[in-house]
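> Next up, protein09.txt (compact mmCIF, C-alpha atoms).
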# COMPACT_ATOMS: atom_id res chain seq x y z
CA MET O 14 11.84 93.79 54.95
CA ALA O 15 13.33 90.55 53.62
CA ASP O 16 13.89 87.80 56.17
CA LEU O 17 17.45 86.51 55.79
CA ARG O 18 17.12 83.74 58.34
CA THR O 19 17.89 80.31 56.95
CA GLU O 20 17.60 76.69 57.95
CA PHE O 21 20.18 74.65 56.11
CA ALA O 22 20.07 70.87 56.59
CA GLY O 23 18.27 71.54 59.87
CA ILE O 24 20.86 74.11 61.02
CA ALA O 25 19.43 77.54 61.77
CA SER O 26 21.33 80.81 61.29
CA PRO O 27 20.32 84.49 61.20
CA ASN O 28 21.54 84.94 57.62
CA PRO O 29 22.90 82.76 54.80
CA PHE O 30 26.50 83.98 55.10
CA TRP O 31 28.88 81.47 56.69
CA LEU O 32 32.65 81.60 56.92
CA ALA O 33 34.18 78.61 55.18
CA SER O 34 36.60 76.21 56.82
CA ALA O 35 39.92 78.05 56.47
CA PRO O 36 42.40 80.20 58.44
CA PRO O 37 39.65 82.71 59.43
CA THR O 38 37.91 79.97 61.44
CA ASP O 39 40.97 78.44 63.08
CA LYS O 40 40.38 79.67 66.62
CA ALA O 41 37.85 81.19 68.99
CA TYR O 42 39.36 84.68 68.73
CA ASN O 43 38.67 84.87 65.00
CA VAL O 44 35.25 83.25 65.16
CA VAL O 45 34.01 85.55 67.92
CA ARG O 46 35.16 88.58 65.92
CA ALA O 47 33.31 87.16 62.92
CA PHE O 48 30.10 86.70 64.88
CA ARG O 49 30.34 90.23 66.26
CA ALA O 50 30.68 91.49 62.68
CA GLY O 51 27.46 89.71 61.71
CA TRP O 52 28.34 86.37 60.13
CA GLY O 53 25.49 83.87 60.38
CA GLY O 54 27.69 80.85 60.92
CA VAL O 55 31.12 79.30 60.56
CA VAL O 56 32.64 76.04 59.48
CA TRP O 57 35.52 75.57 61.94
CA LYS O 58 38.87 74.94 60.28
CA THR O 59 39.37 71.24 59.61
CA LEU O 60 40.20 69.08 62.61
CA GLY O 61 42.23 65.88 62.37
CA GLU O 62 42.59 62.83 64.59
CA GLU O 63 44.46 62.75 67.87
CA GLY O 64 48.09 61.82 67.44
CA PRO O 65 51.26 63.39 66.05
CA PRO O 66 50.69 67.12 65.47
CA VAL O 67 50.17 68.52 61.99
CA VAL O 68 53.16 70.64 60.97
CA ASN O 69 52.60 73.53 58.57
CA VAL O 70 55.34 75.37 56.69
CA ASN O 71 56.86 78.38 58.45
CA GLY O 72 57.26 80.35 55.25
CA PRO O 73 54.93 81.83 52.66
CA ARG O 74 51.66 79.87 52.42
CA TYR O 75 49.90 81.82 49.69
CA GLY O 76 50.41 82.48 46.02
CA ALA O 77 48.31 85.16 44.34
CA VAL O 78 46.85 86.22 41.01
CA TRP O 79 46.06 89.91 40.62
CA GLY O 80 44.12 91.99 38.12
CA ALA O 81 45.63 94.98 36.34
CA ASP O 82 44.75 97.21 39.30
CA ARG O 83 46.28 94.71 41.74
CA ARG O 84 42.85 93.61 42.83
CA LEU O 85 43.17 90.10 44.24
CA LEU O 86 41.55 87.64 41.84
CA GLY O 87 42.72 84.39 43.36
CA LEU O 88 44.73 82.85 46.16
CA ASN O 89 46.65 79.61 46.08
CA ASN O 90 47.31 78.16 49.53
CA ILE O 91 49.55 75.32 50.67
CA GLU O 92 48.34 75.32 54.28
CA LEU O 93 47.26 72.04 55.85
CA ILE O 94 44.44 71.37 58.30
CA THR O 95 44.64 72.93 61.77
CA ASP O 96 47.94 72.50 63.55
CA ARG O 97 46.43 73.34 66.93
CA PRO O 98 45.83 70.49 69.42
CA LEU O 99 42.50 68.71 69.01
CA GLU O 100 41.51 69.22 72.65
CA VAL O 101 42.11 72.99 72.37
CA ASN O 102 39.92 73.26 69.28
CA LEU O 103 37.16 71.18 70.86
CA ARG O 104 37.18 73.28 74.02
CA GLU O 105 36.97 76.52 72.07
CA ILE O 106 34.19 75.23 69.80
CA LYS O 107 32.15 74.35 72.87
CA GLU O 108 32.73 77.75 74.46
CA VAL O 109 31.86 79.72 71.32
CA LYS O 110 28.70 77.72 70.68
CA ARG O 111 27.65 78.25 74.30
CA ASP O 112 28.12 82.01 74.00
CA TRP O 113 26.60 82.35 70.52
CA PRO O 114 23.72 79.85 70.45
CA ASP O 115 21.91 81.57 67.56
CA ARG O 116 24.85 81.16 65.14
CA ALA O 117 25.56 78.08 63.07
CA MET O 118 28.57 76.10 64.26
CA VAL O 119 29.70 73.40 61.84
CA VAL O 120 32.98 71.53 62.31
CA SER O 121 35.08 70.40 59.37
CA LEU O 122 36.71 66.98 59.76
CA MET O 123 39.41 65.02 57.97
CA VAL O 124 40.81 61.75 59.30
CA PRO O 125 42.20 58.65 57.59
CA CYS O 126 39.77 56.66 55.47
CA GLU O 127 39.26 54.10 58.21
CA GLU O 128 35.97 53.45 59.99
CA GLN O 129 37.45 53.50 63.49
CA ALA O 130 39.16 56.84 62.93
CA TRP O 131 35.85 58.49 62.01
CA LYS O 132 33.94 56.79 64.82
CA ALA O 133 36.55 57.95 67.33
CA ILE O 134 36.39 61.65 66.51
CA LEU O 135 32.64 62.07 65.98
CA PRO O 136 31.59 61.71 69.67
CA LEU O 137 34.24 64.26 70.65
CA VAL O 138 32.78 66.80 68.24
CA GLU O 139 29.21 65.96 69.19
CA GLU O 140 29.99 66.67 72.85
CA THR O 141 30.83 70.30 71.99
CA GLY O 142 27.22 71.01 71.03
CA ALA O 143 28.18 71.77 67.43
CA ASP O 144 25.29 71.97 64.98
CA GLY O 145 26.80 69.76 62.30
CA ILE O 146 29.91 68.41 60.64
CA GLU O 147 31.41 68.94 57.22
CA LEU O 148 33.44 66.07 55.77
CA ASN O 149 36.45 67.60 54.02
CA PHE O 150 36.73 65.51 50.86
CA GLY O 151 38.14 68.39 48.85
CA CYS O 152 41.56 69.59 49.99
CA PRO O 153 43.89 68.97 47.00
CA HIS O 154 47.29 69.40 48.64
CA GLY O 155 49.32 68.00 51.49
CA MET O 156 46.60 65.87 53.02
CA SER O 157 45.59 64.31 49.69
CA GLU O 158 49.06 62.81 49.41
CA ARG O 159 48.29 61.06 52.69
CA GLY O 160 45.13 59.46 51.34
CA MET O 161 42.70 62.08 52.66
CA GLY O 162 40.97 65.18 51.29
CA SER O 163 40.49 65.07 47.53
CA ALA O 164 42.02 61.58 47.44
CA VAL O 165 38.71 60.49 48.98
CA GLY O 166 36.58 63.03 47.15
CA GLN O 167 37.70 61.75 43.76
CA VAL O 168 36.39 58.24 44.47
CA PRO O 169 32.58 58.13 44.76
CA GLU O 170 32.66 54.75 46.48
CA TYR O 171 34.82 56.18 49.27
CA ILE O 172 32.52 59.18 49.66
CA GLU O 173 29.48 56.95 50.07
CA MET O 174 31.31 54.64 52.49
CA VAL O 175 32.64 57.34 54.83
CA THR O 176 29.38 59.29 54.74
CA ARG O 177 27.51 56.17 55.79
CA TRP O 178 29.95 55.56 58.67
CA CYS O 179 29.32 59.08 59.94
CA LYS O 180 25.54 58.92 59.59
CA GLN O 181 25.53 55.69 61.57
CA THR O 182 27.60 57.23 64.35
CA THR O 183 26.38 60.77 64.95
CA ARG O 184 23.16 62.70 65.52
CA MET O 185 24.62 65.77 63.80
CA PRO O 186 23.73 66.70 60.22
CA VAL O 187 26.44 65.57 57.82
CA ILE O 188 27.54 67.94 55.06
CA VAL O 189 29.90 66.53 52.43
CA LYS O 190 32.36 69.03 50.95
CA LEU O 191 33.13 68.15 47.34
CA THR O 192 36.30 68.61 45.33
CA PRO O 193 36.15 70.35 41.93
CA ASN O 194 39.16 68.33 40.80
CA ILE O 195 36.97 65.81 39.05
CA THR O 196 35.36 65.38 35.64
CA ASP O 197 31.67 65.10 36.57
CA ILE O 198 30.63 66.73 39.85
CA ARG O 199 27.31 64.90 39.83
CA LYS O 200 28.93 61.54 40.58
CA PRO O 201 30.42 62.44 43.99
CA ALA O 202 27.21 64.33 44.85
CA ARG O 203 25.15 61.23 44.07
CA ALA O 204 27.52 59.15 46.20
CA ALA O 205 27.11 61.53 49.12
CA LYS O 206 23.35 61.27 48.84
CA ALA O 207 23.53 57.48 48.62
CA GLY O 208 25.56 57.47 51.83
CA GLY O 209 22.86 59.46 53.60
CA ALA O 210 24.40 62.95 53.53
CA ASP O 211 22.14 65.73 54.71
CA ALA O 212 23.74 68.23 52.32
CA VAL O 213 26.74 68.94 50.13
CA SER O 214 29.01 71.98 49.99
CA LEU O 215 31.09 73.03 47.01
CA ILE O 216 33.48 73.86 45.62
CA ASN O 217 36.62 73.19 47.58
CA THR O 218 39.83 74.62 46.16
CA ILE O 219 41.15 73.87 42.68
CA ASN O 220 44.52 72.17 42.35
CA SER O 221 46.92 74.79 41.04
CA ILE O 222 50.26 76.51 40.71
CA THR O 223 49.68 80.23 40.43
CA SER O 224 53.10 81.40 39.24
CA VAL O 225 56.80 80.65 38.91
CA ASP O 226 59.63 82.87 40.12
CA LEU O 227 61.67 83.43 36.94
CA ASP O 228 64.87 84.11 38.88
CA SER O 229 64.84 81.08 41.18
CA PHE O 230 62.73 78.96 38.81
CA ALA O 231 60.56 77.73 41.68
CA PRO O 232 56.76 77.77 42.00
CA GLU O 233 55.32 80.39 44.33
CA PRO O 234 54.92 80.44 47.26
CA THR O 235 58.53 79.30 47.52
CA ILE O 236 59.89 77.47 50.55
CA ASP O 237 63.69 77.28 50.60
CA GLY O 238 63.90 77.14 46.81
CA LYS O 239 61.04 74.69 46.28
CA GLY O 240 57.32 75.06 45.68
CA SER O 241 54.28 72.80 45.57
CA HIS O 242 50.83 72.67 44.08
CA GLY O 243 48.13 74.14 46.27
CA GLY O 244 44.43 74.97 46.43
CA TYR O 245 43.11 77.88 44.36
CA CYS O 246 40.21 80.02 45.55
CA GLY O 247 38.81 83.53 45.23
CA PRO O 248 36.80 85.48 42.64
CA ALA O 249 38.52 83.70 39.74
CA VAL O 250 36.95 80.34 40.63
CA LYS O 251 33.36 81.61 40.90
CA PRO O 252 32.31 80.64 37.33
CA ILE O 253 33.46 77.07 37.91
CA ALA O 254 31.66 76.93 41.25
CA LEU O 255 28.41 78.32 39.82
CA SER O 256 28.39 75.71 37.07
CA MET O 257 29.03 72.82 39.46
CA VAL O 258 26.35 74.00 41.90
CA SER O 259 23.84 74.22 39.06
CA GLU O 260 24.73 70.73 37.82
CA ILE O 261 23.86 69.23 41.19
CA ALA O 262 20.74 71.35 41.58
CA ARG O 263 19.28 70.20 38.26
CA ASP O 264 20.41 66.58 38.38
CA ALA O 265 17.41 64.29 38.80
CA GLU O 266 19.28 62.09 41.28
CA THR O 267 20.37 64.92 43.60
CA ALA O 268 17.60 67.49 43.06
CA GLY O 269 16.32 68.79 46.37
CA MET O 270 19.48 68.00 48.33
CA PRO O 271 20.62 71.13 50.23
CA ILE O 272 23.68 72.81 48.70
CA SER O 273 26.07 75.22 50.40
CA GLY O 274 27.65 77.33 47.67
CA ILE O 275 31.36 78.11 47.91
CA GLY O 276 33.79 79.76 45.52
CA GLY O 277 34.59 83.42 45.05
CA VAL O 278 31.65 84.96 46.92
CA THR O 279 32.78 88.57 47.36
CA THR O 280 29.61 90.65 47.08
CA TRP O 281 25.89 90.24 47.72
CA ARG O 282 25.44 89.76 43.97
CA ASP O 283 27.74 86.74 44.03
CA ALA O 284 25.72 85.29 46.89
CA ALA O 285 22.43 85.94 45.10
CA GLU O 286 23.73 84.14 42.00
CA PHE O 287 24.67 81.07 44.03
CA LEU O 288 21.28 81.09 45.72
CA THR O 289 19.37 81.35 42.44
CA LEU O 290 21.32 78.37 41.08
CA GLY O 291 20.18 76.15 43.93
CA ALA O 292 22.31 76.97 46.97
CA GLY O 293 20.59 77.30 50.34
CA ASN O 294 23.40 79.41 51.78
CA VAL O 295 26.95 80.47 50.88
CA GLN O 296 30.37 80.11 52.47
CA VAL O 297 33.03 82.80 52.18
CA CYS O 298 36.78 82.81 52.75
CA THR O 299 38.92 84.90 50.38
CA ALA O 300 36.72 88.00 50.62
CA ALA O 301 37.06 87.96 54.41
CA MET O 302 40.82 87.46 54.15
CA THR O 303 41.03 90.37 51.70
CA TYR O 304 38.69 92.92 53.27
CA GLY O 305 38.17 91.74 56.86
CA PHE O 306 35.13 90.33 58.61
CA LYS O 307 32.99 93.45 58.25
CA VAL O 308 32.60 92.75 54.52
CA VAL O 309 29.61 90.64 55.55
CA GLN O 310 27.69 93.77 56.49
CA GLU O 311 27.68 94.92 52.87
CA MET O 312 26.63 91.44 51.79
CA ILE O 313 23.74 91.39 54.25
CA SER O 314 22.45 94.86 53.38
CA GLY O 315 22.88 94.36 49.64
CA LEU O 316 21.09 91.01 49.56
CA SER O 317 18.30 92.33 51.77
CA GLU O 318 17.72 95.42 49.59
CA TRP O 319 17.74 93.36 46.40
CA MET O 320 15.25 90.87 47.84
CA ASP O 321 13.00 93.76 48.87
CA ARG O 322 13.10 95.21 45.35
CA LYS O 323 12.30 91.83 43.82
CA GLY O 324 9.57 91.07 46.33
CA PHE O 325 11.24 88.05 47.89
CA ALA O 326 10.27 87.58 51.52
CA SER O 327 12.78 84.85 52.37
CA VAL O 328 16.00 83.25 51.18
CA ALA O 329 14.04 80.07 50.44
CA GLU O 330 12.08 82.00 47.80
CA VAL O 331 15.31 82.95 46.04
CA SER O 332 16.94 79.51 46.17
CA GLY O 333 16.74 77.70 42.84
CA ARG O 334 14.96 80.46 40.88
CA ALA O 335 17.44 80.23 37.99
CA VAL O 336 17.71 76.44 37.86
CA PRO O 337 14.83 75.95 35.35
CA ASN O 338 16.66 78.31 33.00
CA VAL O 339 19.86 76.27 32.98
CA THR O 340 19.68 73.87 30.06
CA ASP O 341 21.83 71.85 27.68
CA TRP O 342 23.05 73.54 24.51
CA GLN O 343 20.79 71.58 22.19
CA HIS O 344 17.74 73.08 23.88
CA LEU O 345 18.70 76.69 23.15
CA ASN O 346 16.43 78.64 20.78
CA LEU O 347 18.39 78.99 17.53
CA ASN O 348 15.78 81.42 16.19
CA TYR O 349 16.71 84.01 18.82
CA VAL O 350 18.66 86.66 16.87
CA THR O 351 20.42 89.79 18.15
CA LYS O 352 22.77 92.38 16.65
CA ALA O 353 25.36 94.64 18.28
CA ARG O 354 24.57 98.34 18.57
CA ILE O 355 27.14 101.08 19.39
CA ASP O 356 26.01 104.20 21.25
CA GLN O 357 28.02 106.93 19.53
CA ASP O 358 27.43 109.35 22.41
CA LEU O 359 29.13 106.98 24.85
CA CYS O 360 31.88 105.76 22.51
CA ILE O 361 35.38 106.99 23.44
CA LYS O 362 36.82 105.87 20.08
CA CYS O 363 39.36 103.50 21.64
CA GLY O 364 38.88 100.95 18.85
CA ARG O 365 38.94 97.84 21.05
CA CYS O 366 35.71 96.55 19.53
CA TYR O 367 37.06 97.03 16.02
CA ALA O 368 40.40 95.34 16.74
CA ALA O 369 38.78 92.38 18.45
CA CYS O 370 36.18 91.83 15.76
CA GLU O 371 38.48 92.51 12.80
CA ASP O 372 41.32 90.30 14.01
CA THR O 373 39.58 87.49 15.88
CA SER O 374 35.90 87.38 14.96
CA HIS O 375 33.69 88.20 11.97
CA GLN O 376 34.83 91.56 10.59
CA ALA O 377 31.46 93.01 11.52
CA ILE O 378 32.58 96.46 12.72
CA ALA O 379 33.62 99.19 10.29
CA MET O 380 35.95 102.07 11.17
CA LYS O 381 34.85 105.22 9.35
CA PRO O 382 36.55 108.61 9.11
CA GLY O 383 36.98 110.28 12.48
CA ARG O 384 37.30 106.88 14.17
CA VAL O 385 33.59 106.30 14.10
CA PHE O 386 32.80 102.61 14.61
CA GLU O 387 29.63 101.08 13.20
CA VAL O 388 28.29 97.52 13.13
CA ILE O 389 27.87 95.77 9.79
CA ASP O 390 24.63 93.87 10.40
CA ALA O 391 25.16 91.49 7.49
CA GLU O 392 28.35 90.16 9.12
CA CYS O 393 27.41 90.34 12.82
CA VAL O 394 26.75 86.92 14.32
CA ALA O 395 25.86 88.36 17.75
CA CYS O 396 28.80 86.79 19.55
CA ASN O 397 28.94 89.89 21.85
CA LEU O 398 32.76 89.89 22.05
CA CYS O 399 32.62 93.63 21.33
CA VAL O 400 30.39 94.13 24.39
CA ASN O 401 32.86 92.31 26.60
CA VAL O 402 36.00 94.12 25.44
CA CYS O 403 34.46 97.60 25.45
CA PRO O 404 35.73 99.62 28.46
CA VAL O 405 32.57 101.76 28.64
CA GLU O 406 29.56 100.16 30.30
CA ASP O 407 26.45 100.06 28.08
CA CYS O 408 28.25 101.67 25.16
CA ILE O 409 27.69 98.51 23.11
CA THR O 410 24.50 96.54 23.60
CA MET O 411 22.76 93.65 21.87
CA GLU O 412 19.44 94.42 20.20
CA ARG O 413 17.01 91.59 19.54
CA LEU O 414 15.43 91.27 16.12
CA ALA O 415 11.69 90.74 16.35
CA PRO O 416 10.13 87.54 14.95
CA GLY O 417 9.16 88.11 11.34
CA SER O 418 12.07 90.45 10.58
CA VAL O 419 14.87 89.44 8.21
CA ASP O 420 18.32 88.56 9.49
CA PRO O 421 20.57 90.57 7.12
CA ARG O 422 23.42 88.09 7.52
CA THR O 423 21.47 85.07 6.31
CA GLY O 424 18.50 86.60 4.56
CA ARG O 425 16.24 84.32 6.63
CA THR O 426 13.09 85.43 8.37
CA VAL O 427 13.37 85.28 12.15
CA GLN O 428 10.66 82.86 13.26
CA PRO O 429 8.99 82.35 16.64
CA ASP O 430 10.25 79.51 18.85
CA TYR O 431 9.71 75.97 17.65
CA ALA O 432 7.03 74.32 19.77
CA ASN O 433 8.74 70.94 19.70
CA TRP O 434 12.53 70.78 19.74
CA THR O 435 12.52 67.07 18.93
CA THR O 436 11.63 67.94 15.33
CA HIS O 437 13.82 71.05 15.11
CA PRO O 438 16.05 70.83 11.98
CA ASN O 439 19.06 71.99 14.02
CA ASN O 440 18.66 69.36 16.70
CA PRO O 441 21.56 66.88 16.29
CA ALA O 442 19.46 64.10 17.78
CA ALA O 443 16.65 64.70 15.28
CA THR O 444 19.11 64.76 12.39
CA ALA O 445 20.71 61.52 13.55
CA ALA O 446 17.28 59.89 13.82
CA GLU O 447 16.52 60.78 10.22
Show me the file's structure as structure tokens.


Amino acid sequence: MADLRTEFAGIASPNPFWLASAPPTDKAYNVVRAFRAGWGGVVWKTLGEEGPPVVNVNGPRYGAVWGADRRLLGLNNIELITDRPLEVNLREIKEVKRDWPDRAMVVSLMVPCEEQAWKAILPLVEETGADGIELNFGCPHGMSERGMGSAVGQVPEYIEMVTRWCKQTTRMPVIVKLTPNITDIRKPARAAKAGGADAVSLINTINSITSVDLDSFAPEPTIDGKGSHGGYCGPAVKPIALSMVSEIARDAETAGMPISGIGGVTTWRDAAEFLTLGAGNVQVCTAAMTYGFKVVQEMISGLSEWMDRKGFASVAEVSGRAVPNVTDWQHLNLNYVTKARIDQDLCIKCGRCYAACEDTSHQAIAMKPGRVFEVIDAECVACNLCVNVCPVEDCITMERLAPGSVDPRTGRTVQPDYANWTTHPNNPAATAAE
């Protein structure tokens, strides 16, 4: 049976599923319930410095985006860091870690971008026995307007500076949480590494407004007739998160640095995808808020069964398996040719494939008498739009043409892969050189 135990940046946990820093990790009550359900670790909701209390809104804190079946696709939140007293949080962290020594306990932190502020809070957290800290450089709302959160995460020099302060002050592993609200995710990751970070976690929430009330003309969630931008998370952000994780995993300057994958993890499959793209574990929030803490049990069993089928003995064997297959566009094999094929036995004659291709693509599907839809090979460019709009799974598939066969669209013979892309006639760099 697959061994799901992990060691991430020196922090051990019984499985790779951690709860992310968010409302589900705001207090001991929640965290204990999570551990009883089977979560391998938590990142305690972000703590701030001692001083005036943080005041959250006492109205709606979430905006939502739903699918056609009202399945929750994304949440926008305008909640700030914890509004509970620092000493209460620290006491509870210490008690939970004492009672659950085998679970990972990481504490998220956000204080002003001043050396003394960081050096003041770190010993307090260290005294709790926590396993590590996560520097919250990602929150895009509320705190960022105060010069914290993503206001730091968008400036690589600040990331490196604060990370170095923390590494000089604490024995605990330092994980840097990165904001996606940036052009090139590799730059803040490189800065974190330069500052001595033990790992990075990503993505934090995406700056967003999910909707507008068309009666009051205010963004939602609405507080007394006004709304604000917030942080977007949930299944909808997963593609963005996967791409950013892969960019760090395959960057020569950050390769090998532990990555905690965050962003829309809802099923074991989502977790497996993050792991294969270089993550060493995953953090979850929206799925727990949608389905409750026991959702982790399905994640654990699903990942374990899949690893058994694939012959993977440990999570470490899964991590990074897909990274060598992530490449830049110019390295794709342009001699790889496929054509769409429609299974007439499965077709329900809805015509979505025909409408999509006829109106928006390459007019490569013919509608024959009796609403029979067939692919016109000479026009099909293998874009696979028809596959994606078809409501019946596996009704439309892509069939590869074997090397040596003739592509009916171009009349060209499909050749084997070029051995050397640098001389490939379709390589823009080669053409420019000529």

> List the spatial neighbours of Ile134 of chain O as an NGL selection string - criterion: any atom at most 9 Å away, all atoms listed in the file, same-chain residues fewer than 3 positions off excluded.

:O and (61-63 or 122 or 124 or 129-131 or 137-139)

> To one decimal place, how far is atom CA of Ala262 of chain O from atom CA of Lys206 of chain O in Å?

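Going from atom CA of Ala262 of chain O over to atom CA of Lys206 of chain O covers 12.7 Å.
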
> Can you write out as CSV which residues of segment 234-295 of chain O fall within 10 Å of segment 198-205 of chain O, alongside each residue's closest atom pair and its distance in Å to one decimal, counting all atoms listed in the file and ordering rows by chain and ascending residue number?


residue,atom,partner,partner_atom,distance
O:Ser256,CA,O:Ile198,CA,9.7
O:Met257,CA,O:Ile198,CA,6.3
O:Val258,CA,O:Ile198,CA,8.7
O:Ser259,CA,O:Arg199,CA,10.0
O:Glu260,CA,O:Arg199,CA,6.7
O:Ile261,CA,O:Arg199,CA,5.7
O:Ala262,CA,O:Arg199,CA,9.4
O:Arg263,CA,O:Arg199,CA,9.7
O:Asp264,CA,O:Arg199,CA,7.2
O:Ala265,CA,O:Arg203,CA,9.9
O:Glu266,CA,O:Arg203,CA,6.6
O:Thr267,CA,O:Arg203,CA,6.1
O:Ala268,CA,O:Arg203,CA,9.9
O:Met270,CA,O:Ala202,CA,9.2
O:Ile272,CA,O:Ala202,CA,10.0

> Please, which residues are within 12 Å of (28.5, 54.7, 58.2) by the file's coordinates, counting all atoms listed in the file, and could they come as a PyMOL selection string?

chain O and resi 126-132+135+171-183+187+205+207-210

> Please, what distance in Å, to one decimal, runs between atom CA of Thr95 of chain O and atom CA of Gly305 of chain O?

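The value is 20.5 Å.
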
> Kindly give the distance, in Å, that separates atom CA of Val189 of chain O and atom CA of Ala301 of chain O, rounded to a single decimal.

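One can read the atom CA of Val189 of chain O to atom CA of Ala301 of chain O distance as 22.7 Å.
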
> Pick out the closest residue to Ile361 of chain O from this set: O:Asp341, O:Glu406, O:Asp82, O:Glu311. Count all atoms listed in the file.

O:Glu406

> Contacts of Phe306 of chain O at 12 Å or less, counting only C-alpha atoms, minus same-chain residues fewer than 2 places along, as a count of residues only?

31

> Determine, counting all atoms listed in the file, which protein, DNA and RNA residues have an atom within 9 Å of an atom of Arg18 of chain O; residues of the same chain fewer than 6 positions away are not included. Present the result as a list in words.

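In the requested format, the answer is Ala25, Ser26, Pro27, Asn28, Pro29, Gly53, Ser327 and Val328 of chain O.
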
> Output the selection as a PDB file, keeping the file's coordinate frame - C-alpha atoms for each residue.


ATOM      1  CA  ALA O  25      19.430  77.540  61.770  1.00  0.00           C
ATOM      2  CA  SER O  26      21.330  80.810  61.290  1.00  0.00           C
ATOM      3  CA  PRO O  27      20.320  84.490  61.200  1.00  0.00           C
ATOM      4  CA  ASN O  28      21.540  84.940  57.620  1.00  0.00           C
ATOM      5  CA  PRO O  29      22.900  82.760  54.800  1.00  0.00           C
ATOM      6  CA  GLY O  53      25.490  83.870  60.380  1.00  0.00           C
ATOM      7  CA  SER O 327      12.780  84.850  52.370  1.00  0.00           C
ATOM      8  CA  VAL O 328      16.000  83.250  51.180  1.00  0.00           C
TER       9      VAL O 328
END

> Leaving out segment 252-254 of chain O and any residue of its chain fewer than 5 positions from it, which residues lie within 7 Å of it when counting all atoms listed in the file, given as a list in words?

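That gives Leu215, Ile216, Ile275 and Gly276 of chain O.
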
> With a distance cut-off of 9 Å and all atoms listed in the file, select the neighbouring residues of Ser374 of chain O, excluding the residue or stretch itself and same-chain residues fewer than 5 positions from it, and output the selection as a PyMOL selection string.

chain O and resi 369+396+398

> Which residue gives the smallest distance to Val295 of chain O among O:Ala395, O:Asp144, O:Thr19, O:Arg413, with only C-alpha atoms counted?

O:Thr19

> Which protein, DNA or RNA residues have an atom at most 7 Å from (23.8, 75.4, 57.1), counting only C-alpha atoms? List them as a JSON list (two decimals) with C-alpha atoms, keeping the file's coordinate frame.


[["chain", "number", "residue", "atom", "x", "y", "z"],
["O", 20, "GLU", "CA", 17.60, 76.69, 57.95],
["O", 21, "PHE", "CA", 20.18, 74.65, 56.11],
["O", 22, "ALA", "CA", 20.07, 70.87, 56.59],
["O", 24, "ILE", "CA", 20.86, 74.11, 61.02],
["O", 25, "ALA", "CA", 19.43, 77.54, 61.77],
["O", 117, "ALA", "CA", 25.56, 78.08, 63.07],
["O", 294, "ASN", "CA", 23.40, 79.41, 51.78]]

> Measuring between all atoms listed in the file, which one of O:Met185, O:Met118, O:Ile94, O:Val385 shows the shortest distance to Gly151 of chain O?

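Checking each of O:Met185, O:Met118, O:Ile94, O:Val385 against Gly151 of chain O, counting all atoms listed in the file, the winner is O:Ile94.
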
> Measuring atom to atom with only C-alpha atoms, identify which of O:Val339, O:Ala326, O:Val331, O:Ala81 is nearest to Ala285 of chain O.

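Ranking O:Val339, O:Ala326, O:Val331, O:Ala81 by distance to Ala285 of chain O, first place goes to O:Val331.
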
> Considering only C-alpha atoms, can you say which of O:Val225, O:Val213, O:Ala249, O:Ile91 comes closest to Tyr75 of chain O?

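For Tyr75 of chain O, the nearest of the candidates is O:Ile91.
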